[in-house]
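Each remark here refers to the structure printed beneath this line.
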Amino acid sequence: MTSETPDKEFDSMFNMWNPYNNLMTYAWSRAASLVYSGERDGLGYRDTVQDMLGVLHSIPDEARERLELMITGQVSNGGAMPVVKPFAHNPGKEKAPDENEYRSDDCMWLFNTIPSYVKETGNINFYYKVLPYADKDEDTVFGHLKRAIQFNLDHSGKHGFPCGLSADWNDCLVLGQDGETTFVAFQLRYALKTYIEIAELLDKPEEKNWAENHLKILDENLEKHAWDSEWYLRAYRADGLKFGSKECNEASIFLEPQPWAVISGHTNLEQSQKLLDFVNKRLSTDYGIMICDPPIEKTDPKVIKARLFNKGMKENASIFQHTQGWVVAAEAIIGRGDKAYEYYRKFMPSAYNTNAEIRQTEPYVYAQFTNSTSSPRYGASRLPWLSGTASWAYYTAAQFILGVQPDYDGLKIDPCIPSAWKEYKVKRKFRGKAFSIIVKNENGIQKGVKKIIINGEELFSNLIPFEKMKENNEVLVVM
Ligand code: IFM
């Protein structure tokens, strides 16, 4: 897929460097990193499943093989092996991890990647494909997804949220077996919403009902126990200690649950706007959005390990790059294209071509984090290449900004762009067919498609159905 937009720096990332970064990250996982080497000798579950989001369109068959490998890394209780060893993995015969080795977010990422693969390829039968679990038994891919949900329902705490276990996405929170994570609670909400869509697609009303009931209960618990008057809490420890609450002196707000409240569909438009405005007020800097604030200086590392990092670095209140795409997606979901793009450019490497002395990292590659306001190196980025940032940056640019969204029945076009963009072009291959798309935005709006004409024929919605597609397609989109 290539773009021709009014922003040449965006195009250079999107057409060349970001896809290259995606392929490198996919190929090497974290194995070639000086920081991670020695720590693991296989594919980390959560990182690998997310990395695939950036390559599904370019190498779908190879990505499917990797995806199947990761699905067979799921244990029969629904949780995942933290690391899958690509050469030694022996599905059906692996030893299940000890209870305290599971991470609560690992299998939740399957709900982003599996539907993306099916929508990209149209291979709906993939949901019926039977694959073994890591330790014993087998199931369809749809069944694997259900067990992933069941795992977090079975490992829920007293507020009805998934337990933190060995870690949720943020490796530095010490939540333990019985502490609870609101971030994974929002991931679980996203999983239930996605499961409902798949159950509808496969015509499984009982499954749909099952998920709808759980979703309703989870929504109630989130409003009752996760809302902290202006933002969502990050977690509860088993003894009731809150993380990311106005009651905390340090790290009183964490970023992760806020965009996921929007992405998961939990908040309505008005709530989403207020929440994201608050994120802007509390966490936004010149170079992106901080992961938490204020930084951690006194809290015991037994509570938050991030204290071991200098303030303003890594999980200790840096501008953690992986999370930036989530905020871009959330802003685009509520139609604020100017804001989404402003955030996108703040962490876009090529935006630093002429001030590389600030970013201090190659201006064509994503990094793990940027030093934030509390660091003496404010603006400097570190740990380039092997970070989940690349795939999320690409995925949000392609699907949420340029708005080219593969769907089960065709290609949906739903851009969310800066009002200053009056026109842009995209070229893309989709299921073997070529598309040349021109988006016109003479009225300078940020979101909303008025008209789509494909090969001279006007459509009645913003989905281009598969039946209307020829080998080569000319598409005009009017916003
Ligand atoms: O989510 C993790 C990732 O798995 C490894 N790098 C740090 C991230 C945030 O803690």
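Quick note on naming: the chains in the structure tokens go A, B, ... in the order shown, residues restart at 1 in each chain, and ligands are numbered from 1 in order of appearance.
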**Request:** Check stretch 246-380 of chain A with DSSP on the backbone and list each residue it calls helix (DSSP H, G or I), as a PyMOL selection string.
**Result:** chain A and resi 257-263+269-283+305-308+321-333+337-347+349-352+356-359
**Prompt:** If we count only C-alpha atoms, what is near A:Met70 at a cut-off of 8 Å, once residues fewer than 4 positions away on the same chain are taken out, given as a PyMOL selection string?
**Reply:** chain A and resi 45+49+66+74+84
Got time to write the residues from that selection, N, CA and C atoms, as a short mmCIF file (atom, residue, chain, number, x, y, z; two decimals), in the first residue's frame?
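So out.cif came out as:
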```
data_model
loop_
_atom_site.label_atom_id
_atom_site.label_comp_id
_atom_site.auth_asym_id
_atom_site.auth_seq_id
_atom_site.Cartn_x
_atom_site.Cartn_y
_atom_site.Cartn_z
N TYR A 45 5.07 -13.83 23.56
CA TYR A 45 3.71 -13.99 23.03
C TYR A 45 3.09 -12.66 22.61
N VAL A 49 2.46 -11.40 18.60
CA VAL A 49 1.10 -11.33 18.05
C VAL A 49 0.79 -9.90 17.57
N ARG A 66 2.92 -18.04 11.06
CA ARG A 66 3.38 -17.57 12.37
C ARG A 66 2.19 -17.47 13.33
N GLN A 74 -1.12 -21.33 22.73
CA GLN A 74 -2.14 -21.10 23.76
C GLN A 74 -2.38 -22.42 24.50
N VAL A 84 7.12 -18.64 22.91
CA VAL A 84 6.97 -19.81 22.04
C VAL A 84 8.27 -19.97 21.26
#
```
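Nearest residue to ligand 1 among A:Pro465, A:Gly312, A:Gly244, A:Gly388 is A:Gly388, counting only C-alpha atoms and all ligand atoms.
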Give one line per residue of stretch 234-319 of chain A that approaches stretch 162-172 of chain A to at most 8 Å, naming the two atoms of the closest pair and their distance in Å to one decimal, counting only C-alpha atoms; sort by chain then ascending residue number and deliver it as a Markdown table.
```
| residue | atom | partner | partner_atom | distance |
| --- | --- | --- | --- | --- |
| A:Ile304 | CA | A:Cys172 | CA | 5.7 |
| A:Lys305 | CA | A:Cys172 | CA | 4.7 |
| A:Ala306 | CA | A:Cys172 | CA | 5.3 |
| A:Glu315 | CA | A:Cys172 | CA | 6.8 |
```
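If you measure from each of A:Lys422, A:Arg307, A:Lys468, A:His322 to ligand 1 using only C-alpha atoms and all ligand atoms, the closest one turns out to be A:His322.
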